[in-house]
Amino acid sequence: WTRYLDAGTGFSRIFPGTTMAPDQSRNLTLDSRLSQAFVQTVSPQKDVVIVVDITMVTHQSLMRQALSVLLQTLSPRDQVAVIVNGDPQPPQLSPVTVPFPVSDLLERLIPDDFSQERTKSALQEGVATLQHSSACIKAVLYLTDHTVGMDTVQSILNGLPEDIQIFTFTFDPNINPRILKHLACSSDASWEPITDDVTMVSRLTRYYGMHHPLNESAVRWTSIVPDSLSTGDLSSGCCAVPRPVMYDPLQSLYGVLCVDISVDKLQHSGAADINVLETKASSGPTCPVQRYTKAELEQLRPEESKCNSLEVSRGQELREFMERAVRTTAGALETAAQVVKLLPTCPYINTQYDSCTDTTPGMVPDPRYHQPVSNGTSNIHLTHQARVLYSNGSNSDSYKALLDSLCMSSSAEIDWVSVFQQNSGARWQFFIDAPTGYTRLYPSVNDPPESCQDGSSTDPRSQSWYAGMTSPAKDVAIVVDPALDYGLDIMKAAAKLAINTVSKYDTGQLLVARQQLHSNGFQQGTDTNRQAWLEAVDTIRLPTHSSTQDLISTIKAVIQDFSTKHQQEDTKCFFVLLLLTNRHLDLAVLHETARVNTPHLGVRIFTFTFGQLADDPVAKQLACDSKGSWAMVKTMQDLHLIREYYGMLSPGEHVGNVLWSEAYNFQYDGETGGTTGCLPVYNVSSEYLSLLGLSCVHVDEIDLQGVTDGEEMFAEQTTTSTKQCPTIKFDEEDVQKLRRPEAKCPARISLTATDLRSLAEQSVRQAAEEFEIGYVVAQQTPGVCPFTGDFYDTCKKLPTSFQKVPQFQREVSRKSPAFHLPYSMDITVGEETTLQDFTSNQTLYQSLCASLGMDSTWEVALQQSQYIAWQFYGDQTSRFLRVFPALNETQEQCSNKITDLPIRTWFSSAASSPKDLIITLDPHYAENLSLLKTTANALIATLTRFDFANILTTSAQQLVPGMLRAFGDVRTTMMQFVNQTEVSPNTDLTQSFAKVQGILDRALQSSNTTHCVTAVVLITDYVIQPRVLEHLRGKGLRVFTYTVGPWADQT
């Protein structure tokens, strides 16, 4: 025969012509690409390992045909090994014989249960079999009808030699090919979908043409093989026919041209040198030197098999692009949220295409996503909570808020489309609504019918990565107390949900009352640790019948762990205890918890009650006492209450950092892992930044591996990133607003806030009256004090019995007050010092004596309420402080006493009327400047928030044109002004007083005045001229002058 064998379709042109039998028209063996003439001409010597995984009987016939075809692509020069469903015997390469005995192999293709480990082992053995091969082509051909995990693929690619190619063939059209395509692309091979026997040969024979260019035109002789068209054996001399380089730079193959020699006819004619033909066949060409580049291989792959590459090339560039996109979208969403509230109708293209109704326009199959998607619009994926609200419709605030959110989130589409068109690696972009959990997803994709029918769509708020994005870093202890049989299944589901609120930024532990089931203290919230906690919850099958003491012991153990962690450097922003119980709590739990959970430690306790005894006032009070919240979880629909706790820790803050999740499987990407970067979107017009949702972008690990250092860079970003603690934390009033109506904490039965204020004011008045009476009596009886009491000093002479009291957060002695004496008092205090030692200073003695009369009033007030803390008296004349209860000051505090009480703001606020004060500085000499500044700063310290003030110099400098209320920051600014003042020899005091009058006039016009007392303070180190007095006559100013330096008593 003379034949032309076509590479594109497999047809043969044969001379002289012949006719096939009708039953041979569908015989795959007649495909020219399976002939030895074609295979031995085009393919150099190769070693091939065929790995077959079959799990479904419906694919058995097609996979058997495919295995038969692959075996026909081998020649006697090749070696082959076949692994079917993870054969237990190690594979060995065997020489190929023609025709290959395939019947036994085909019988072994029996469906078996899928095993990821078995698949991994089979592929690893296949690669290992080729490790020491010296063949020109070393290929693993993997045939499967099931999904392969990314972990399996990654383990195969780790350390894979560059000269081994792994070609993947899938037989189930429902398989997402992304992972298997990645396996092929990463080894310079190709993925092929096998769905029918028409295109099968084209796809199965492509593998040996993706190795080297055809750069030889020499005739190649085949070994002697049986002739498929007639009886007898043939030896063929063939040469490849490549496309001309001007049309195809790769010179891909047109086909093969052959002349066949009939070995039978030669033998009949008496030829004695037939062995020459075998010799020519065995001396085939050597391995080609040149291999296809990655770019050339991509051109050879069919469209559906192409390895998609991103336009960015570096991991850092990819991450910066992603984060810029997230910030832009988050900012636009916050602006849109404000706009939506101002307008009666939605101002955006309000596309609410429901992922369960299949109405999204432009949905077409996309090989990149292996499912129909629409990259022209987004669609919404409703959680059960959102669907009920959305379907019912009402005039409720929740329904209106949902409609506003849907409108607001639709505004993100224009940004998402722009990012998608740049092929940047932003595989999925989405917004998650915080109140309902719905997701607006781009590109749009429909949910599977089964999840739409039973409402089982995943709520992203139940996943740990969401908690990491929306909550501050926290240490979380989960205490499960299944004492009874009530609501046990719901409690276990709630415990799992609580576990998934522990993100990679947090630490956590799980304890079960009585069982003491936990994970060795606090552990980082990694996926491995969370999985261990979830498995521990599954072991709870029966109620524990734990006692109250069991629960108390468990809580104490947790609090002790918190206390230990409090002393460590890696403490998170919040200590949180989640208590899940189905019993009525005893008051002992409340009291014992309060005893160990001190205000200094501040563990926030959130209680969740289940079953018939869910309505538990003690559980509610336990949460109220620790700035937490309580919730009844009676049905599975109440489980969303579990995750609400971390929204009560702190208000939102614009930190600006895009947070990246750990690797996880995004629900619309099948088995492909990836990482998500998000920014919170806040309602900026609310009382505090309340969370509207998350603006996110998802990039998968396959794209990350396609850029330089992409996978490593993102891995580092997701594992080492930390969260800053919020600068503002919710106080009790804020938490009370956030609690649900049934969880709001009542005012304390023992004392309301109004009662507390009345008690405090009554105590202050009574103590003041006691002092005034005692002072009069002490004046009338010099040297005799009408009150009894020991003299104690906070630094030199202390009472006994110091103990730590919660409301003081330090050790105190509640037996007696103690004095805090200023340095200005030239008195030596020792252990034997008594009140009588002060009689030489009658003024001091009388004040010390009179202050003893306050003791009984202070003791009664402290007994009446735990909210009464420090009580004290500051003496105007002698500057001492008497404090109850007594405290033990540190050596540093004792050596740094403030020596003068009147310059303490609290003292000035109570001891003086509101005033307007203008300080005028008149410094002339450098040697007096320091004392002048000290005097000015002491005067500034007497200002309070009830006063208005300003300061200027006689050299025409002033703080502000008018007056400012003397808040703390204003006083600080005034002191800075003083410290920057310089000497000015030439000044005009008259002009300064004129400027003072202007300041006062301006203050009156702007109402920045107290209208009580206006004082002008002049601080000078120079002689005041008489003409200044003439200028002041009739002005009505109260002027106080302080002179410093050598002229102090001469002006």
# chains A, B, ... in the order shown; residues from 1 in each chain; ligands from 1
>>> residues_around(residues="range 224-228 of chain A", least_positions_apart="2", cutoff="12 Å", atoms="only C-alpha atoms", output="PyMOL selection string")
chain A and resi 1+20+24+27-32+34-37+40+75-76+97-100+221-222+230-237+260-264+274-282
>>> closest_residue(among="A:Phe431, A:Tyr208, A:Tyr1042, A:Trp465", to="Val681 in chain A", atoms="only C-alpha atoms")
A:Phe431
>>> residues_around(residues="Arg440 in chain A", least_positions_apart="6", cutoff="9 Å", atoms="only C-alpha atoms", output="list in words")
Gln352, Ser378, Asn379, Ile380, His381, Leu382, Leu406, Ser409, Ser410, Gln429, Phe430, Phe431, Ile432 and Asp433 of chain A
>>> write_last_selection(atoms="N, CA and C atoms", output="compact mmCIF listing (two decimals), in the first residue's frame")
# COMPACT_ATOMS: atom_id res chain seq x y z
N GLN A 352 -32.10 42.35 41.00
CA GLN A 352 -32.25 41.36 42.07
C GLN A 352 -32.53 40.00 41.45
N SER A 378 -24.56 40.54 38.43
CA SER A 378 -24.46 39.74 39.65
C SER A 378 -25.83 39.14 39.95
N ASN A 379 -25.89 38.21 40.87
CA ASN A 379 -27.19 37.75 41.37
C ASN A 379 -27.10 37.53 42.87
N ILE A 380 -28.25 37.35 43.50
CA ILE A 380 -28.30 37.29 44.95
C ILE A 380 -28.55 35.85 45.39
N HIS A 381 -27.86 35.44 46.44
CA HIS A 381 -27.98 34.11 47.02
C HIS A 381 -28.51 34.31 48.43
N LEU A 382 -29.78 33.96 48.63
CA LEU A 382 -30.47 34.26 49.87
C LEU A 382 -30.33 33.12 50.87
N LEU A 406 -30.18 45.46 49.42
CA LEU A 406 -30.13 44.91 48.06
C LEU A 406 -29.86 46.00 47.04
N SER A 409 -26.12 47.14 47.51
CA SER A 409 -25.12 46.20 47.01
C SER A 409 -25.09 46.12 45.49
N SER A 410 -26.23 46.44 44.84
CA SER A 410 -26.25 46.40 43.36
C SER A 410 -25.35 47.47 42.77
N GLN A 429 -16.15 38.01 43.17
CA GLN A 429 -16.31 39.23 43.94
C GLN A 429 -17.72 39.21 44.54
N PHE A 430 -17.83 39.62 45.80
CA PHE A 430 -19.14 39.48 46.41
C PHE A 430 -19.29 40.41 47.61
N PHE A 431 -20.54 40.60 48.00
CA PHE A 431 -20.90 41.35 49.20
C PHE A 431 -21.78 40.45 50.06
N ILE A 432 -21.48 40.38 51.35
CA ILE A 432 -22.28 39.60 52.30
C ILE A 432 -22.99 40.56 53.23
N ASP A 433 -24.30 40.43 53.30
CA ASP A 433 -25.12 41.29 54.16
C ASP A 433 -25.05 40.80 55.60
>>> residues_around(residues="Leu844 in chain A", least_positions_apart="2", cutoff="10 Å", atoms="only C-alpha atoms", output="list in words")
Met825, Phe838, Thr839, Ser840, Asn841, Gln842, Gln846, Ser847, Leu848, Cys849, Ala850, Asp875, Thr877, Ser878, Arg879 and Phe880 of chain A
>>> write_last_selection(atoms="C-alpha atoms", output="compact mmCIF listing (two decimals), in the first residue's frame")
# COMPACT_ATOMS: atom_id res chain seq x y z
CA MET A 825 4.42 70.38 105.50
CA PHE A 838 0.42 68.28 115.21
CA THR A 839 -0.84 70.57 118.01
CA SER A 840 2.00 73.03 117.43
CA ASN A 841 0.26 73.95 114.15
CA GLN A 842 -3.25 74.76 115.34
CA GLN A 846 -7.97 71.57 113.74
CA SER A 847 -8.44 70.43 110.13
CA LEU A 848 -6.97 66.99 110.82
CA CYS A 849 -9.18 66.63 113.84
CA ALA A 850 -12.34 67.79 112.07
CA ASP A 875 -8.00 70.67 102.86
CA THR A 877 -5.46 75.66 103.96
CA SER A 878 -3.05 72.86 104.78
CA ARG A 879 -3.27 71.05 101.42
CA PHE A 880 -3.55 67.53 102.88
>>> closest_atom_pairs(of="range 650-732 of chain A", to="range 623-630 of chain A", cutoff="12 Å", atoms="only C-alpha atoms", output="CSV")
residue,atom,partner,partner_atom,distance
A:Ser650,CA,A:Lys627,CA,11.7
A:Lys729,CA,A:Lys627,CA,11.3
A:Phe730,CA,A:Lys627,CA,9.1
A:Asp731,CA,A:Lys627,CA,7.9
A:Glu732,CA,A:Lys627,CA,6.0
>>> closest_residue(among="A:Ala240, A:Ile478, A:Ala767, A:Ile827", to="Tyr873 in chain A", atoms="only C-alpha atoms")
A:Ala767
>>> residues_around(residues="Gly159 in chain A", least_positions_apart="4", cutoff="12 Å", atoms="only C-alpha atoms", output="PDB file with N, CA, C and O atoms, in the first residue's frame")
ATOM      1  N   GLN A 124       1.256   8.796  42.766  1.00  0.00           N
ATOM      2  CA  GLN A 124       2.633   8.862  43.259  1.00  0.00           C
ATOM      3  C   GLN A 124       3.441   7.658  42.790  1.00  0.00           C
ATOM      4  O   GLN A 124       4.620   7.796  42.417  1.00  0.00           O
ATOM      5  N   VAL A 127       4.357   8.154  39.130  1.00  0.00           N
ATOM      6  CA  VAL A 127       5.491   9.066  38.960  1.00  0.00           C
ATOM      7  C   VAL A 127       6.785   8.377  39.368  1.00  0.00           C
ATOM      8  O   VAL A 127       7.813   8.488  38.686  1.00  0.00           O
ATOM      9  N   ALA A 128       6.735   7.646  40.489  1.00  0.00           N
ATOM     10  CA  ALA A 128       7.937   6.963  40.962  1.00  0.00           C
ATOM     11  C   ALA A 128       8.424   5.924  39.953  1.00  0.00           C
ATOM     12  O   ALA A 128       9.633   5.710  39.795  1.00  0.00           O
ATOM     13  N   GLN A 131      10.670   7.567  37.439  1.00  0.00           N
ATOM     14  CA  GLN A 131      11.773   8.387  37.949  1.00  0.00           C
ATOM     15  C   GLN A 131      13.097   8.048  37.261  1.00  0.00           C
ATOM     16  O   GLN A 131      13.883   8.936  36.928  1.00  0.00           O
ATOM     17  N   VAL A 153      -3.410  16.737  44.383  1.00  0.00           N
ATOM     18  CA  VAL A 153      -2.639  17.303  43.266  1.00  0.00           C
ATOM     19  C   VAL A 153      -1.359  17.958  43.768  1.00  0.00           C
ATOM     20  O   VAL A 153      -0.286  17.797  43.183  1.00  0.00           O
ATOM     21  N   GLN A 154      -1.466  18.691  44.889  1.00  0.00           N
ATOM     22  CA  GLN A 154      -0.298  19.389  45.402  1.00  0.00           C
ATOM     23  C   GLN A 154       0.776  18.403  45.839  1.00  0.00           C
ATOM     24  O   GLN A 154       1.977  18.629  45.636  1.00  0.00           O
ATOM     25  N   SER A 155       0.352  17.294  46.426  1.00  0.00           N
ATOM     26  CA  SER A 155       1.331  16.292  46.856  1.00  0.00           C
ATOM     27  C   SER A 155       2.031  15.662  45.656  1.00  0.00           C
ATOM     28  O   SER A 155       3.196  15.270  45.748  1.00  0.00           O
ATOM     29  N   ASP A 163      10.862  16.426  33.587  1.00  0.00           N
ATOM     30  CA  ASP A 163      10.704  15.679  32.333  1.00  0.00           C
ATOM     31  C   ASP A 163       9.558  14.672  32.393  1.00  0.00           C
ATOM     32  O   ASP A 163       9.398  13.866  31.482  1.00  0.00           O
ATOM     33  N   ILE A 164       8.758  14.671  33.472  1.00  0.00           N
ATOM     34  CA  ILE A 164       7.592  13.785  33.547  1.00  0.00           C
ATOM     35  C   ILE A 164       6.334  14.622  33.346  1.00  0.00           C
ATOM     36  O   ILE A 164       6.117  15.611  34.043  1.00  0.00           O
ATOM     37  N   SER A 186       0.578  22.197  35.103  1.00  0.00           N
ATOM     38  CA  SER A 186       1.779  22.350  35.911  1.00  0.00           C
ATOM     39  C   SER A 186       2.884  21.384  35.490  1.00  0.00           C
ATOM     40  O   SER A 186       4.045  21.584  35.859  1.00  0.00           O
ATOM     41  N   SER A 187       2.526  20.330  34.746  1.00  0.00           N
ATOM     42  CA  SER A 187       3.544  19.373  34.281  1.00  0.00           C
ATOM     43  C   SER A 187       3.731  19.456  32.766  1.00  0.00           C
ATOM     44  O   SER A 187       4.178  18.481  32.142  1.00  0.00           O
TER      45      SER A 187
END
>>> residues_around(residues="range 940-954 of chain A", least_positions_apart="6", cutoff="6 Å", atoms="only C-alpha atoms", output="compact mmCIF listing (two decimals) with all heavy atoms, in the first residue's frame")
# COMPACT_ATOMS: atom_id res chain seq x y z
N ILE A 903 -4.48 73.09 92.79
CA ILE A 903 -4.19 73.03 91.36
C ILE A 903 -4.62 71.69 90.76
O ILE A 903 -4.27 71.38 89.63
CB ILE A 903 -2.70 73.30 91.06
CG1 ILE A 903 -1.81 72.18 91.63
CG2 ILE A 903 -2.28 74.64 91.58
CD1 ILE A 903 -0.36 72.31 91.22
N THR A 905 -7.70 69.62 89.26
CA THR A 905 -8.92 70.06 88.59
C THR A 905 -10.16 69.75 89.41
O THR A 905 -11.07 70.58 89.51
CB THR A 905 -9.01 69.38 87.21
OG1 THR A 905 -7.87 69.75 86.45
CG2 THR A 905 -10.26 69.83 86.48
N SER A 908 -10.51 72.35 92.14
CA SER A 908 -10.89 73.67 91.63
C SER A 908 -12.35 73.70 91.20
O SER A 908 -13.06 74.68 91.40
CB SER A 908 -10.00 74.06 90.45
OG SER A 908 -8.65 74.07 90.84
N SER A 909 -12.80 72.59 90.58
CA SER A 909 -14.19 72.54 90.11
C SER A 909 -15.18 72.72 91.25
O SER A 909 -16.19 73.40 91.13
CB SER A 909 -14.46 71.20 89.41
OG SER A 909 -13.63 71.05 88.30
N PRO A 914 -17.75 79.24 88.49
CA PRO A 914 -17.32 79.36 87.08
C PRO A 914 -16.74 80.74 86.82
O PRO A 914 -17.24 81.75 87.35
CB PRO A 914 -18.61 79.12 86.30
CG PRO A 914 -19.48 78.36 87.22
CD PRO A 914 -19.17 78.85 88.59
N LYS A 915 -15.72 80.82 86.02
CA LYS A 915 -15.02 82.10 85.83
C LYS A 915 -14.50 82.21 84.40
O LYS A 915 -14.29 81.21 83.71
CB LYS A 915 -13.86 82.21 86.83
CG LYS A 915 -12.88 81.03 86.78
CD LYS A 915 -11.91 81.06 87.95
CE LYS A 915 -11.00 79.83 87.95
NZ LYS A 915 -11.75 78.59 88.21
N ASP A 916 -14.30 83.48 83.99
CA ASP A 916 -13.61 83.80 82.75
C ASP A 916 -12.24 84.32 83.15
O ASP A 916 -12.14 85.29 83.91
CB ASP A 916 -14.36 84.85 81.94
CG ASP A 916 -15.76 84.40 81.58
OD1 ASP A 916 -15.91 83.22 81.22
OD2 ASP A 916 -16.70 85.21 81.66
N LEU A 917 -11.18 83.71 82.61
CA LEU A 917 -9.83 84.07 83.04
C LEU A 917 -8.96 84.34 81.82
O LEU A 917 -8.91 83.53 80.90
CB LEU A 917 -9.22 82.93 83.86
CG LEU A 917 -7.83 83.19 84.45
CD1 LEU A 917 -7.90 84.26 85.52
CD2 LEU A 917 -7.25 81.91 85.04
N ILE A 918 -8.31 85.54 81.85
CA ILE A 918 -7.34 85.88 80.81
C ILE A 918 -5.99 86.08 81.49
O ILE A 918 -5.86 86.93 82.37
CB ILE A 918 -7.75 87.14 80.04
CG1 ILE A 918 -9.12 86.94 79.38
CG2 ILE A 918 -6.70 87.48 78.99
CD1 ILE A 918 -9.63 88.16 78.67
N ILE A 919 -5.02 85.28 81.10
CA ILE A 919 -3.67 85.38 81.68
C ILE A 919 -2.81 86.19 80.73
O ILE A 919 -2.73 85.89 79.53
CB ILE A 919 -3.07 83.99 81.90
CG1 ILE A 919 -3.96 83.17 82.85
CG2 ILE A 919 -1.65 84.07 82.44
CD1 ILE A 919 -3.51 81.74 83.03
N THR A 920 -2.14 87.22 81.31
CA THR A 920 -1.24 88.07 80.51
C THR A 920 0.17 87.88 81.03
O THR A 920 0.44 88.10 82.22
CB THR A 920 -1.65 89.55 80.62
OG1 THR A 920 -3.01 89.68 80.22
CG2 THR A 920 -0.77 90.42 79.74
N LEU A 921 1.07 87.46 80.15
CA LEU A 921 2.47 87.23 80.51
C LEU A 921 3.31 88.43 80.10
O LEU A 921 3.23 88.88 78.95
CB LEU A 921 2.99 85.96 79.84
CG LEU A 921 2.19 84.67 80.08
CD1 LEU A 921 2.83 83.51 79.31
CD2 LEU A 921 2.13 84.34 81.55
N ASP A 922 4.16 88.90 81.04
CA ASP A 922 4.98 90.08 80.78
C ASP A 922 6.42 89.77 81.19
O ASP A 922 6.92 90.28 82.20
CB ASP A 922 4.42 91.29 81.55
CG ASP A 922 5.17 92.57 81.23
OD1 ASP A 922 5.67 92.70 80.08
OD2 ASP A 922 5.28 93.43 82.12
N MET A 963 -12.47 83.52 73.55
CA MET A 963 -12.32 82.68 74.73
C MET A 963 -12.65 81.23 74.37
O MET A 963 -13.50 80.97 73.52
CB MET A 963 -13.25 83.16 75.85
CG MET A 963 -13.03 84.61 76.26
SD MET A 963 -11.56 84.82 77.27
CE MET A 963 -12.18 84.34 78.86
N LEU A 964 -12.02 80.29 75.08
CA LEU A 964 -12.26 78.87 74.87
C LEU A 964 -12.67 78.23 76.19
O LEU A 964 -12.15 78.60 77.26
CB LEU A 964 -11.00 78.16 74.35
CG LEU A 964 -10.49 78.58 72.98
CD1 LEU A 964 -9.16 77.89 72.70
CD2 LEU A 964 -11.50 78.23 71.91
N ARG A 965 -13.60 77.25 76.10
CA ARG A 965 -13.93 76.50 77.32
C ARG A 965 -12.72 75.67 77.71
O ARG A 965 -12.10 75.01 76.89
CB ARG A 965 -15.15 75.62 77.09
CG ARG A 965 -15.61 74.93 78.38
CD ARG A 965 -16.90 74.18 78.20
NE ARG A 965 -18.06 75.05 78.07
CZ ARG A 965 -18.69 75.61 79.10
NH1 ARG A 965 -18.25 75.43 80.34
NH2 ARG A 965 -19.75 76.35 78.89
N ALA A 966 -12.39 75.68 78.99
CA ALA A 966 -11.11 75.13 79.45
C ALA A 966 -11.18 73.63 79.68
O ALA A 966 -10.96 73.13 80.79
CB ALA A 966 -10.68 75.85 80.72
N PHE A 967 -11.46 72.89 78.60
CA PHE A 967 -11.37 71.44 78.68
C PHE A 967 -9.89 71.04 78.81
O PHE A 967 -8.99 71.88 78.67
CB PHE A 967 -11.99 70.81 77.44
CG PHE A 967 -13.48 70.94 77.36
CD1 PHE A 967 -14.07 71.68 76.34
CD2 PHE A 967 -14.30 70.35 78.30
CE1 PHE A 967 -15.45 71.81 76.26
CE2 PHE A 967 -15.68 70.47 78.23
CZ PHE A 967 -16.25 71.21 77.21
N THR A 987 7.91 96.02 75.77
CA THR A 987 6.49 95.64 75.74
C THR A 987 5.64 96.85 76.09
O THR A 987 6.11 97.83 76.65
CB THR A 987 6.21 94.52 76.75
OG1 THR A 987 6.55 94.99 78.07
CG2 THR A 987 7.00 93.28 76.43
N LEU A 989 2.25 97.41 78.09
CA LEU A 989 1.22 96.82 78.93
C LEU A 989 -0.14 97.44 78.67
O LEU A 989 -1.17 96.78 78.76
CB LEU A 989 1.61 96.96 80.40
CG LEU A 989 0.91 96.05 81.41
CD1 LEU A 989 1.06 94.60 81.00
CD2 LEU A 989 1.45 96.27 82.81
N SER A 992 -1.70 95.78 75.84
CA SER A 992 -2.12 94.43 76.21
C SER A 992 -3.48 94.45 76.88
O SER A 992 -4.35 93.61 76.60
CB SER A 992 -1.09 93.79 77.14
OG SER A 992 0.15 93.63 76.48
>>> residues_around(residues="Leu641 in chain A", least_positions_apart="5", cutoff="9 Å", atoms="only C-alpha atoms", output="PyMOL selection string")
chain A and resi 608+631-633
>>> closest_residue(among="A:Ala594, A:Val476, A:Ala493, A:Val764", to="Gly525 in chain A", atoms="only C-alpha atoms")
A:Val476
>>> select_by_dssp(residues="range 447-635 of chain A", states="helix (DSSP H, G or I)", output="ChimeraX atom specification")
/A:449-454,460-462,464-470,488-499,527-538,548-566,587-596,611-613,617-624
>>> closest_residue(among="A:Leu659, A:Val860, A:Val1016, A:Cys573", to="Val326 in chain A", atoms="only C-alpha atoms")
A:Leu659
>>> select_by_dssp(residues="range 475-675 of chain A", states="strand (DSSP E or B)", output="number ranges by chain")
A: 475-481, 507-512, 523-524, 574-581, 604-610, 630-633, 659-660, 664-665, 673-675
>>> closest_residue(among="A:Glu644, A:Glu653, A:Glu320, A:Asp273", to="Thr727 in chain A", atoms="only C-alpha atoms")
A:Glu653
>>> closest_residue(among="A:Tyr254, A:Phe167, A:Tyr688, A:Trp660", to="Thr676 in chain A", atoms="only C-alpha atoms")
A:Trp660
>>> decode(residues="range 2-7 of chain A", atoms="all heavy atoms", output="PDB file, in the first residue's frame")
ATOM      1  N   THR A   2       0.332   2.296  -0.557  1.00  0.00           N
ATOM      2  CA  THR A   2       0.871   3.636  -0.362  1.00  0.00           C
ATOM      3  C   THR A   2      -0.219   4.417   0.359  1.00  0.00           C
ATOM      4  O   THR A   2      -1.366   4.426  -0.091  1.00  0.00           O
ATOM      5  CB  THR A   2       1.216   4.319  -1.699  1.00  0.00           C
ATOM      6  OG1 THR A   2       2.158   3.488  -2.394  1.00  0.00           O
ATOM      7  CG2 THR A   2       1.795   5.686  -1.453  1.00  0.00           C
ATOM      8  N   ARG A   3       0.161   5.029   1.487  1.00  0.00           N
ATOM      9  CA  ARG A   3      -0.884   5.622   2.331  1.00  0.00           C
ATOM     10  C   ARG A   3      -0.512   7.040   2.763  1.00  0.00           C
ATOM     11  O   ARG A   3       0.661   7.364   2.938  1.00  0.00           O
ATOM     12  CB  ARG A   3      -1.095   4.777   3.591  1.00  0.00           C
ATOM     13  CG  ARG A   3      -1.660   3.393   3.345  1.00  0.00           C
ATOM     14  CD  ARG A   3      -1.873   2.645   4.659  1.00  0.00           C
ATOM     15  NE  ARG A   3      -0.611   2.244   5.279  1.00  0.00           N
ATOM     16  CZ  ARG A   3      -0.513   1.772   6.521  1.00  0.00           C
ATOM     17  NH1 ARG A   3      -1.596   1.663   7.278  1.00  0.00           N
ATOM     18  NH2 ARG A   3       0.647   1.410   7.007  1.00  0.00           N
ATOM     19  N   TYR A   4      -1.563   7.840   2.939  1.00  0.00           N
ATOM     20  CA  TYR A   4      -1.424   9.108   3.649  1.00  0.00           C
ATOM     21  C   TYR A   4      -2.306   9.003   4.898  1.00  0.00           C
ATOM     22  O   TYR A   4      -3.516   8.736   4.793  1.00  0.00           O
ATOM     23  CB  TYR A   4      -1.869  10.297   2.789  1.00  0.00           C
ATOM     24  CG  TYR A   4      -2.001  11.577   3.614  1.00  0.00           C
ATOM     25  CD1 TYR A   4      -0.866  12.252   4.066  1.00  0.00           C
ATOM     26  CD2 TYR A   4      -3.251  12.075   3.972  1.00  0.00           C
ATOM     27  CE1 TYR A   4      -0.981  13.395   4.840  1.00  0.00           C
ATOM     28  CE2 TYR A   4      -3.374  13.218   4.747  1.00  0.00           C
ATOM     29  CZ  TYR A   4      -2.235  13.886   5.190  1.00  0.00           C
ATOM     30  OH  TYR A   4      -2.338  15.011   5.965  1.00  0.00           O
ATOM     31  N   LEU A   5      -1.736   9.238   6.068  1.00  0.00           N
ATOM     32  CA  LEU A   5      -2.438   9.106   7.351  1.00  0.00           C
ATOM     33  C   LEU A   5      -2.620  10.511   7.936  1.00  0.00           C
ATOM     34  O   LEU A   5      -1.638  11.186   8.282  1.00  0.00           O
ATOM     35  CB  LEU A   5      -1.635   8.225   8.317  1.00  0.00           C
ATOM     36  CG  LEU A   5      -1.119   6.899   7.723  1.00  0.00           C
ATOM     37  CD1 LEU A   5      -0.272   6.146   8.730  1.00  0.00           C
ATOM     38  CD2 LEU A   5      -2.284   6.043   7.238  1.00  0.00           C
ATOM     39  N   ASP A   6      -3.865  10.960   8.081  1.00  0.00           N
ATOM     40  CA  ASP A   6      -4.133  12.345   8.491  1.00  0.00           C
ATOM     41  C   ASP A   6      -4.106  12.481  10.014  1.00  0.00           C
ATOM     42  O   ASP A   6      -4.752  11.707  10.737  1.00  0.00           O
ATOM     43  CB  ASP A   6      -5.501  12.788   7.971  1.00  0.00           C
ATOM     44  CG  ASP A   6      -5.740  14.265   8.213  1.00  0.00           C
ATOM     45  OD1 ASP A   6      -5.006  15.084   7.637  1.00  0.00           O
ATOM     46  OD2 ASP A   6      -6.652  14.602   9.015  1.00  0.00           O
ATOM     47  N   ALA A   7      -3.358  13.501  10.495  1.00  0.00           N
ATOM     48  CA  ALA A   7      -3.224  13.700  11.943  1.00  0.00           C
ATOM     49  C   ALA A   7      -4.454  14.352  12.556  1.00  0.00           C
ATOM     50  O   ALA A   7      -4.761  14.141  13.727  1.00  0.00           O
ATOM     51  CB  ALA A   7      -1.996  14.567  12.228  1.00  0.00           C
TER      52      ALA A   7
END
